[in-house]
>>> print(open('query.txt').read())   # compact mmCIF, C-alpha atoms
# COMPACT_ATOMS: atom_id res chain seq x y z
CA ARG A 252 73.42 -55.29 152.59
CA ASN A 253 75.78 -57.14 150.29
CA PRO A 254 78.24 -54.69 148.60
CA ALA A 255 78.12 -56.77 145.41
CA SER A 256 74.33 -56.35 145.30
CA ARG A 257 74.70 -52.58 145.72
CA ASN A 258 77.24 -52.48 142.90
CA GLU A 259 74.94 -54.47 140.64
CA ALA A 260 72.02 -52.20 141.47
CA GLY A 261 74.14 -49.12 140.78
CA PHE A 262 75.28 -50.50 137.45
CA PHE A 263 71.68 -51.30 136.51
CA ILE A 264 70.57 -47.74 137.34
CA TRP A 265 73.49 -46.32 135.32
CA ARG A 266 72.60 -48.48 132.33
CA CYS A 267 68.96 -47.36 132.49
CA ARG A 268 69.99 -43.70 132.57
CA ALA A 269 72.46 -44.21 129.74
CA GLY A 270 69.78 -45.99 127.71
CA ARG A 271 67.33 -43.13 128.26
CA GLU A 272 69.96 -40.59 127.22
CA GLU A 273 70.71 -42.59 124.06
CA ASP A 274 66.99 -42.77 123.25
CA MET A 275 66.61 -39.02 123.83
CA GLY A 276 69.64 -38.37 121.63
CA ALA A 277 68.22 -40.51 118.83
CA GLN A 278 64.81 -38.84 119.17
CA GLY A 279 66.47 -35.42 119.06
CA LYS A 280 68.32 -36.29 115.85
CA GLU A 281 65.13 -37.65 114.30
CA LEU A 282 63.22 -34.50 115.25
CA GLU A 283 66.00 -32.35 113.83
CA ALA A 284 65.87 -34.30 110.56
CA LYS A 285 62.10 -33.82 110.36
CA ASN A 286 62.42 -30.09 111.00
CA ARG A 287 65.06 -29.78 108.29
CA THR A 288 62.79 -31.69 105.89
CA ILE A 289 59.89 -29.34 106.61
CA ALA A 290 62.13 -26.32 105.98
CA ALA A 291 63.45 -27.81 102.74
CA VAL A 292 59.99 -28.72 101.42
CA PHE A 293 58.67 -25.27 102.36
CA ARG A 294 61.53 -23.64 100.46
CA LEU A 295 60.73 -25.82 97.44
CA SER A 296 57.03 -24.95 97.57
CA THR A 297 57.86 -21.24 97.17
CA LEU A 298 59.34 -22.07 93.75
CA LEU A 299 55.85 -22.89 92.45
CA THR A 300 54.95 -19.20 92.41
CA GLN A 301 58.19 -17.92 90.92
CA GLN A 302 58.44 -17.13 87.22
CA VAL A 303 61.96 -18.44 86.63
CA GLY A 304 63.49 -20.87 84.15
CA LEU A 305 64.02 -24.59 84.68
CA ASP A 306 67.77 -24.24 85.25
CA GLU A 307 67.19 -21.78 88.09
CA ILE A 308 64.61 -24.16 89.58
CA LEU A 309 67.07 -27.07 89.44
CA ARG A 310 69.82 -24.96 91.00
CA SER A 311 67.50 -23.95 93.86
CA ILE A 312 66.52 -27.57 94.46
CA LEU A 313 70.15 -28.66 94.83
CA GLU A 314 71.01 -25.67 97.02
CA SER A 315 68.14 -26.60 99.31
CA ALA A 316 69.27 -30.24 99.47
CA GLU A 317 72.71 -29.12 100.58
CA LYS A 318 71.74 -26.34 103.00
CA GLU A 319 68.60 -27.73 104.60
CA LEU A 320 69.34 -31.45 104.47
CA GLY A 321 73.06 -31.22 105.14
CA PHE A 322 74.88 -32.69 102.12
CA SER A 323 78.19 -31.59 100.63
CA ALA A 324 77.40 -32.11 96.93
CA SER A 325 74.42 -32.93 94.74
CA CYS A 326 73.34 -33.68 91.19
CA LEU A 327 70.15 -33.99 89.17
CA PHE A 328 69.52 -36.01 86.01
CA LEU A 329 66.54 -35.97 83.63
CA ILE A 330 65.63 -38.54 80.98
CA ASN A 331 65.64 -37.21 77.43
CA GLU A 332 62.58 -37.43 75.19
CA ASP A 333 63.28 -40.85 73.68
CA ARG A 334 64.13 -42.20 77.17
CA ARG A 335 67.46 -43.61 76.00
CA ARG A 336 69.70 -41.06 77.67
CA LEU A 337 70.02 -39.71 81.19
CA ASP A 338 71.28 -36.13 81.01
CA CYS A 339 72.95 -34.30 83.88
CA ARG A 340 70.96 -31.07 84.14
CA MET A 341 72.47 -29.64 87.32
CA VAL A 342 75.43 -30.56 89.54
CA ARG A 343 77.11 -28.86 92.50
CA GLY A 344 80.00 -29.47 94.85
CA PHE A 345 82.17 -31.88 92.82
CA GLY A 346 84.63 -29.36 91.38
CA GLU A 347 84.41 -27.28 88.21
CA GLU A 348 86.16 -29.73 85.86
CA ASN A 349 84.15 -32.73 87.05
CA GLU A 350 80.94 -30.75 86.74
CA LYS A 351 81.74 -29.72 83.14
CA ARG A 352 82.47 -33.36 82.33
CA ALA A 353 79.13 -34.45 83.82
CA TYR A 354 77.24 -32.09 81.50
CA ARG A 355 79.15 -33.35 78.45
CA ARG A 356 78.80 -37.07 79.16
CA PRO A 357 75.23 -38.33 79.65
CA PHE A 358 74.48 -41.87 80.76
CA HIS A 359 73.05 -44.26 78.19
CA MET A 360 70.17 -46.13 79.82
CA GLU A 361 71.09 -49.49 78.29
CA ARG A 362 74.88 -49.32 78.00
CA HIS A 363 75.77 -47.76 81.36
CA ASP A 364 75.18 -49.83 84.48
CA CYS A 365 75.51 -47.42 87.40
CA ILE A 366 73.57 -46.18 90.39
CA GLU A 367 71.97 -43.36 88.37
CA THR A 368 70.52 -45.58 85.62
CA ARG A 369 69.47 -48.30 88.08
CA VAL A 370 67.51 -45.85 90.24
CA VAL A 371 65.63 -44.63 87.16
CA LYS A 372 64.95 -48.15 85.88
CA ARG A 373 63.79 -49.57 89.22
CA GLY A 374 62.19 -46.49 90.75
CA GLU A 375 63.79 -47.12 94.13
CA VAL A 376 65.94 -45.08 96.49
CA VAL A 377 69.52 -46.45 96.67
CA HIS A 378 71.99 -45.63 99.45
CA PHE A 379 75.67 -46.58 99.56
CA ALA A 380 77.08 -46.01 103.04
CA ASP A 381 80.54 -46.37 101.48
CA SER A 382 80.36 -45.70 97.76
CA LEU A 383 83.77 -47.23 97.10
CA ASP A 384 83.40 -50.52 98.99
CA ASP A 385 79.66 -51.19 98.69
CA PRO A 386 79.23 -54.64 97.06
CA ARG A 387 76.44 -53.29 94.84
CA ALA A 388 78.77 -50.72 93.25
CA THR A 389 79.56 -51.41 89.60
CA PRO A 390 82.88 -50.61 87.86
CA ILE A 391 81.33 -47.35 86.61
CA ASP A 392 80.23 -46.46 90.14
CA ARG A 393 83.70 -47.08 91.55
CA ARG A 394 85.40 -45.14 88.77
CA LEU A 395 83.14 -42.14 89.36
CA THR A 396 83.57 -42.40 93.13
CA GLU A 397 87.36 -42.24 92.79
CA LYS A 398 87.19 -39.34 90.34
CA LEU A 399 84.60 -37.36 92.34
CA ARG A 400 85.87 -38.45 95.78
CA ARG A 401 82.40 -39.50 96.83
CA GLY A 402 81.77 -40.76 100.34
CA SER A 403 78.28 -41.80 101.41
CA ILE A 404 75.84 -41.32 98.52
CA MET A 405 72.11 -41.59 98.03
CA TYR A 406 69.94 -41.38 94.91
CA ALA A 407 66.16 -41.11 94.61
CA PRO A 408 63.94 -41.31 91.53
CA LEU A 409 62.03 -38.23 90.41
CA THR A 410 58.49 -39.41 89.80
CA VAL A 411 55.42 -37.57 88.53
CA LYS A 412 52.04 -39.34 88.29
CA GLY A 413 53.73 -42.73 88.27
CA ALA A 414 56.23 -41.83 85.52
CA ILE A 415 59.93 -41.55 86.34
CA ILE A 416 61.43 -38.41 84.80
CA GLY A 417 64.95 -38.68 86.23
CA CYS A 418 66.84 -38.98 89.49
CA MET A 419 68.52 -36.85 92.11
CA GLY A 420 71.65 -37.70 94.08
CA VAL A 421 73.45 -36.33 97.14
CA ASN A 422 76.89 -36.93 98.60
CA ARG A 423 78.36 -36.69 102.08
CA SER A 424 82.11 -36.77 102.57
CA ARG A 425 83.82 -39.72 104.24
CA GLU A 426 84.88 -37.53 107.17
CA ALA A 427 81.30 -36.47 108.01
CA ALA A 428 78.62 -38.42 109.91
CA PRO A 429 77.07 -41.27 107.90
CA ILE A 430 73.66 -40.83 106.31
CA SER A 431 71.02 -42.01 108.79
CA LYS A 432 67.73 -43.81 108.23
CA SER A 433 65.77 -40.66 109.08
CA GLU A 434 67.81 -38.71 106.52
CA ILE A 435 67.02 -41.31 103.86
CA GLU A 436 63.32 -40.88 104.61
CA ALA A 437 63.70 -37.08 104.57
CA PHE A 438 65.50 -37.13 101.23
CA THR A 439 62.80 -39.35 99.72
CA ILE A 440 60.12 -36.84 100.73
CA PHE A 441 62.26 -34.01 99.38
CA ALA A 442 62.78 -35.75 96.02
CA ASN A 443 59.02 -36.33 95.67
CA GLN A 444 58.37 -32.63 96.19
CA ALA A 445 61.18 -31.70 93.81
CA SER A 446 59.58 -33.86 91.11
CA ILE A 447 56.39 -31.80 91.30
CA ILE A 448 58.31 -28.52 91.12
CA ILE A 449 60.32 -29.69 88.08
CA GLU A 450 57.27 -30.93 86.19
CA ASN A 451 55.43 -27.69 86.92
CA SER A 452 58.38 -25.67 85.60
CA ARG A 453 58.59 -27.76 82.43
CA PHE A 454 54.87 -27.34 81.86
CA GLN A 455 55.16 -23.56 82.26
CA GLU A 456 58.05 -23.45 79.79
CA GLN A 457 56.00 -25.49 77.32
CA LEU A 458 53.07 -23.07 77.62
CA VAL A 459 55.35 -20.10 77.01
CA ALA A 460 56.87 -21.80 73.96
CA GLU A 461 53.42 -22.54 72.53
CA ARG A 462 52.30 -18.93 73.07
CA ASN A 463 55.37 -17.60 71.33
CA LEU A 464 54.81 -20.01 68.46
CA ASN A 465 51.22 -18.83 68.00
CA LYS A 466 52.11 -15.13 67.98
>>> encode(input="query.txt", output="structure tokens")
Amino acid sequence: RNPASRNEAGFFIWRCRAGREEDMGAQGKELEAKNRTIAAVFRLSTLLTQQVGLDEILRSILESAEKELGFSASCLFLINEDRRRLDCRMVRGFGEENEKRAYRRPFHMERHDCIETRVVKRGEVVHFADSLDDPRATPIDRRLTEKLRRGSIMYAPLTVKGAIIGCMGVNRSREAAPISKSEIEAFTIFANQASIIIENSRFQEQLVAERNLNK
């Protein structure tokens, strides 16, 4: 038999095995992402039965996003009552000074063109694989990225019954693995569940306030 033919056959077999291993690796990562999503959503669902304040709920949501979904930092914004301002209600992982600044400086929905306000206006998930060099990044985005040392970022709207009440963002450092498609899908599911938890908590706080008012 021709040695060249044997070499070609061997190379073909090696490529098939390598392809199968790559497919199995991708399937394994996808399964892992799904399992992490299930764990994160389950953890969120337990918050529905807990009698705690909104701030504690928001803190638990961000902790879950970091621990279960594998992000290094996170933030959550809610629209104020007149829908002109986007307030940072909880932030983690960006450093104490930056976090204090985030609470003091809300985004104005009309004046500030950035990933946070755009996600709320459009109701779409936005992912920047490289938050500094992404062509969609605005001057505000780039300035915040440099200040916060953001790497790969992703924001999702918080929606309840068709109404957008805010947005949630996560960050992964430049040194870590990039955010995958399956992780984007997982985060979208997570944000949808978080929206329900937040709205439920706000409703409970409103009921308590009304009871206290009527006493």
>>> closest_residue(input="query.txt", among="A:Pro357, A:Pro390, A:Gly402, A:Pro408", to="Arg369 in chain A", atoms="all atoms listed in the file")
A:Pro408
>>> atom_distance(input="query.txt", atom1="CA of Arg356 in chain A", atom2="CA of Pro429 in chain A")
29.1 Å
>>> residues_around(input="query.txt", residues="Arg362 in chain A", least_positions_apart="5", cutoff="10 Å", atoms="only C-alpha atoms", output="list in words")
Arg335, Arg336 and Thr368 of chain A
>>> residues_around(input="query.txt", residues="Lys412 in chain A", least_positions_apart="4", cutoff="12 Å", atoms="all atoms listed in the file", output="PDB file with C-alpha atoms, in the frame of the given file")
ATOM      1  CA  ILE A 416      61.430 -38.410  84.800  1.00  0.00           C
ATOM      2  CA  ASN A 443      59.020 -36.330  95.670  1.00  0.00           C
ATOM      3  CA  SER A 446      59.580 -33.860  91.110  1.00  0.00           C
ATOM      4  CA  ILE A 447      56.390 -31.800  91.300  1.00  0.00           C
ATOM      5  CA  GLU A 450      57.270 -30.930  86.190  1.00  0.00           C
TER       6      GLU A 450
END
>>> closest_residue(input="query.txt", among="A:Ile435, A:Leu337, A:Ala414, A:Ala324", to="Phe379 in chain A", atoms="all atoms listed in the file")
A:Ile435
>>> closest_residue(input="query.txt", among="A:Thr288, A:Cys365, A:Phe328, A:Phe358", to="Val377 in chain A", atoms="only C-alpha atoms")
A:Cys365
>>> closest_residue(input="query.txt", among="A:Glu319, A:Asp333, A:Glu307, A:Asp364", to="Phe441 in chain A", atoms="only C-alpha atoms")
A:Glu319
>>> atom_distance(input="query.txt", atom1="CA of Asp392 in chain A", atom2="CA of Ile440 in chain A")
24.7 Å
>>> residues_around(input="query.txt", residues="Ile391 in chain A", least_positions_apart="2", cutoff="10 Å", atoms="all atoms listed in the file", output="list of chain:residue names")
A:His363, A:Asp364, A:Cys365, A:Ile366, A:Ala388, A:Thr389, A:Arg393, A:Arg394, A:Leu395, A:Thr396
>>> residues_around(input="query.txt", residues="Gly374 in chain A", least_positions_apart="6", cutoff="10 Å", atoms="all atoms listed in the file", output="list in words")
Thr368, Ala407, Pro408, Leu409, Thr410, Gly413, Ala414, Ile415, Gly417 and Cys418 of chain A
>>> atom_distance(input="query.txt", atom1="CA of Glu367 in chain A", atom2="CA of Leu305 in chain A")
20.7 Å
>>> closest_residue(input="query.txt", among="A:Arg401, A:Arg343, A:Arg373, A:Arg334", to="Glu314 in chain A", atoms="only C-alpha atoms")
A:Arg343
>>> closest_residue(input="query.txt", among="A:Glu317, A:Arg355, A:Ser431, A:Val411", to="Asn451 in chain A", atoms="only C-alpha atoms")
A:Val411
>>> decode(input="query.txt", residues="range 361-373 of chain A", atoms="all heavy atoms", output="PDB file, in the first residue's frame")
ATOM      1  N   GLU A 361     -31.471  60.967  29.001  1.00  0.00           N
ATOM      2  CA  GLU A 361     -31.358  61.702  27.737  1.00  0.00           C
ATOM      3  C   GLU A 361     -29.951  62.250  27.500  1.00  0.00           C
ATOM      4  O   GLU A 361     -29.457  62.252  26.375  1.00  0.00           O
ATOM      5  CB  GLU A 361     -32.381  62.845  27.702  1.00  0.00           C
ATOM      6  CG  GLU A 361     -33.828  62.381  27.759  1.00  0.00           C
ATOM      7  CD  GLU A 361     -34.169  61.391  26.640  1.00  0.00           C
ATOM      8  OE1 GLU A 361     -33.664  61.571  25.507  1.00  0.00           O
ATOM      9  OE2 GLU A 361     -34.921  60.441  26.901  1.00  0.00           O
ATOM     10  N   ARG A 362     -29.299  62.711  28.543  1.00  0.00           N
ATOM     11  CA  ARG A 362     -27.988  63.353  28.380  1.00  0.00           C
ATOM     12  C   ARG A 362     -26.839  62.355  28.236  1.00  0.00           C
ATOM     13  O   ARG A 362     -25.864  62.629  27.538  1.00  0.00           O
ATOM     14  CB  ARG A 362     -27.699  64.279  29.564  1.00  0.00           C
ATOM     15  CG  ARG A 362     -28.534  65.533  29.596  1.00  0.00           C
ATOM     16  CD  ARG A 362     -27.855  66.618  30.426  1.00  0.00           C
ATOM     17  NE  ARG A 362     -27.430  66.137  31.739  1.00  0.00           N
ATOM     18  CZ  ARG A 362     -28.166  66.240  32.835  1.00  0.00           C
ATOM     19  NH1 ARG A 362     -29.358  66.804  32.782  1.00  0.00           N
ATOM     20  NH2 ARG A 362     -27.718  65.804  33.995  1.00  0.00           N
ATOM     21  N   HIS A 363     -26.925  61.222  28.891  1.00  0.00           N
ATOM     22  CA  HIS A 363     -25.804  60.287  28.930  1.00  0.00           C
ATOM     23  C   HIS A 363     -26.001  59.127  27.943  1.00  0.00           C
ATOM     24  O   HIS A 363     -26.918  58.329  28.105  1.00  0.00           O
ATOM     25  CB  HIS A 363     -25.625  59.735  30.351  1.00  0.00           C
ATOM     26  CG  HIS A 363     -25.252  60.787  31.337  1.00  0.00           C
ATOM     27  ND1 HIS A 363     -25.749  60.836  32.627  1.00  0.00           N
ATOM     28  CD2 HIS A 363     -24.420  61.865  31.221  1.00  0.00           C
ATOM     29  CE1 HIS A 363     -25.242  61.874  33.263  1.00  0.00           C
ATOM     30  NE2 HIS A 363     -24.443  62.511  32.427  1.00  0.00           N
ATOM     31  N   ASP A 364     -25.134  59.097  26.945  1.00  0.00           N
ATOM     32  CA  ASP A 364     -25.164  58.012  25.964  1.00  0.00           C
ATOM     33  C   ASP A 364     -24.114  56.977  26.359  1.00  0.00           C
ATOM     34  O   ASP A 364     -22.917  57.179  26.155  1.00  0.00           O
ATOM     35  CB  ASP A 364     -24.874  58.556  24.554  1.00  0.00           C
ATOM     36  CG  ASP A 364     -24.942  57.467  23.497  1.00  0.00           C
ATOM     37  OD1 ASP A 364     -25.514  56.384  23.775  1.00  0.00           O
ATOM     38  OD2 ASP A 364     -24.419  57.685  22.383  1.00  0.00           O
ATOM     39  N   CYS A 365     -24.562  55.874  26.934  1.00  0.00           N
ATOM     40  CA  CYS A 365     -23.646  54.830  27.399  1.00  0.00           C
ATOM     41  C   CYS A 365     -24.361  53.491  27.344  1.00  0.00           C
ATOM     42  O   CYS A 365     -25.571  53.423  27.068  1.00  0.00           O
ATOM     43  CB  CYS A 365     -23.158  55.126  28.824  1.00  0.00           C
ATOM     44  SG  CYS A 365     -24.494  55.371  30.011  1.00  0.00           S
ATOM     45  N   ILE A 366     -23.636  52.428  27.601  1.00  0.00           N
ATOM     46  CA  ILE A 366     -24.214  51.099  27.472  1.00  0.00           C
ATOM     47  C   ILE A 366     -25.400  50.909  28.417  1.00  0.00           C
ATOM     48  O   ILE A 366     -26.393  50.263  28.070  1.00  0.00           O
ATOM     49  CB  ILE A 366     -23.143  50.002  27.709  1.00  0.00           C
ATOM     50  CG1 ILE A 366     -23.696  48.619  27.366  1.00  0.00           C
ATOM     51  CG2 ILE A 366     -22.596  50.052  29.122  1.00  0.00           C
ATOM     52  CD1 ILE A 366     -22.627  47.528  27.380  1.00  0.00           C
ATOM     53  N   GLU A 367     -25.330  51.500  29.608  1.00  0.00           N
ATOM     54  CA  GLU A 367     -26.410  51.343  30.586  1.00  0.00           C
ATOM     55  C   GLU A 367     -27.715  51.958  30.085  1.00  0.00           C
ATOM     56  O   GLU A 367     -28.771  51.313  30.131  1.00  0.00           O
ATOM     57  CB  GLU A 367     -26.005  51.989  31.919  1.00  0.00           C
ATOM     58  CG  GLU A 367     -24.889  51.283  32.650  1.00  0.00           C
ATOM     59  CD  GLU A 367     -23.485  51.690  32.199  1.00  0.00           C
ATOM     60  OE1 GLU A 367     -23.367  52.492  31.236  1.00  0.00           O
ATOM     61  OE2 GLU A 367     -22.511  51.216  32.805  1.00  0.00           O
ATOM     62  N   THR A 368     -27.658  53.224  29.622  1.00  0.00           N
ATOM     63  CA  THR A 368     -28.890  53.883  29.168  1.00  0.00           C
ATOM     64  C   THR A 368     -29.406  53.257  27.869  1.00  0.00           C
ATOM     65  O   THR A 368     -30.618  53.172  27.657  1.00  0.00           O
ATOM     66  CB  THR A 368     -28.659  55.390  28.961  1.00  0.00           C
ATOM     67  OG1 THR A 368     -27.575  55.593  28.038  1.00  0.00           O
ATOM     68  CG2 THR A 368     -28.341  56.072  30.278  1.00  0.00           C
ATOM     69  N   ARG A 369     -28.504  52.817  26.997  1.00  0.00           N
ATOM     70  CA  ARG A 369     -28.945  52.210  25.736  1.00  0.00           C
ATOM     71  C   ARG A 369     -29.661  50.881  25.960  1.00  0.00           C
ATOM     72  O   ARG A 369     -30.643  50.574  25.277  1.00  0.00           O
ATOM     73  CB  ARG A 369     -27.751  52.016  24.795  1.00  0.00           C
ATOM     74  CG  ARG A 369     -27.452  53.266  23.972  1.00  0.00           C
ATOM     75  CD  ARG A 369     -26.222  53.088  23.125  1.00  0.00           C
ATOM     76  NE  ARG A 369     -25.012  53.143  23.947  1.00  0.00           N
ATOM     77  CZ  ARG A 369     -23.906  52.480  23.678  1.00  0.00           C
ATOM     78  NH1 ARG A 369     -23.841  51.701  22.628  1.00  0.00           N
ATOM     79  NH2 ARG A 369     -22.846  52.613  24.463  1.00  0.00           N
ATOM     80  N   VAL A 370     -29.170  50.089  26.900  1.00  0.00           N
ATOM     81  CA  VAL A 370     -29.825  48.812  27.204  1.00  0.00           C
ATOM     82  C   VAL A 370     -31.245  49.053  27.711  1.00  0.00           C
ATOM     83  O   VAL A 370     -32.181  48.340  27.323  1.00  0.00           O
ATOM     84  CB  VAL A 370     -28.996  48.023  28.242  1.00  0.00           C
ATOM     85  CG1 VAL A 370     -29.804  46.873  28.835  1.00  0.00           C
ATOM     86  CG2 VAL A 370     -27.725  47.476  27.589  1.00  0.00           C
ATOM     87  N   VAL A 371     -31.408  50.068  28.556  1.00  0.00           N
ATOM     88  CA  VAL A 371     -32.737  50.373  29.095  1.00  0.00           C
ATOM     89  C   VAL A 371     -33.656  50.925  28.003  1.00  0.00           C
ATOM     90  O   VAL A 371     -34.839  50.560  27.927  1.00  0.00           O
ATOM     91  CB  VAL A 371     -32.619  51.380  30.262  1.00  0.00           C
ATOM     92  CG1 VAL A 371     -33.997  51.887  30.685  1.00  0.00           C
ATOM     93  CG2 VAL A 371     -31.908  50.736  31.440  1.00  0.00           C
ATOM     94  N   LYS A 372     -33.138  51.770  27.143  1.00  0.00           N
ATOM     95  CA  LYS A 372     -33.962  52.345  26.077  1.00  0.00           C
ATOM     96  C   LYS A 372     -34.390  51.296  25.050  1.00  0.00           C
ATOM     97  O   LYS A 372     -35.530  51.296  24.578  1.00  0.00           O
ATOM     98  CB  LYS A 372     -33.193  53.459  25.364  1.00  0.00           C
ATOM     99  CG  LYS A 372     -33.050  54.736  26.170  1.00  0.00           C
ATOM    100  CD  LYS A 372     -32.228  55.758  25.389  1.00  0.00           C
ATOM    101  CE  LYS A 372     -32.040  57.047  26.163  1.00  0.00           C
ATOM    102  NZ  LYS A 372     -31.207  58.023  25.408  1.00  0.00           N
ATOM    103  N   ARG A 373     -33.472  50.412  24.676  1.00  0.00           N
ATOM    104  CA  ARG A 373     -33.741  49.454  23.600  1.00  0.00           C
ATOM    105  C   ARG A 373     -34.274  48.110  24.089  1.00  0.00           C
ATOM    106  O   ARG A 373     -34.826  47.342  23.309  1.00  0.00           O
ATOM    107  CB  ARG A 373     -32.467  49.234  22.783  1.00  0.00           C
ATOM    108  CG  ARG A 373     -31.939  50.516  22.133  1.00  0.00           C
ATOM    109  CD  ARG A 373     -30.605  50.275  21.474  1.00  0.00           C
ATOM    110  NE  ARG A 373     -30.013  51.523  20.961  1.00  0.00           N
ATOM    111  CZ  ARG A 373     -28.803  51.624  20.427  1.00  0.00           C
ATOM    112  NH1 ARG A 373     -28.044  50.537  20.336  1.00  0.00           N
ATOM    113  NH2 ARG A 373     -28.364  52.784  20.000  1.00  0.00           N
TER     114      ARG A 373
END
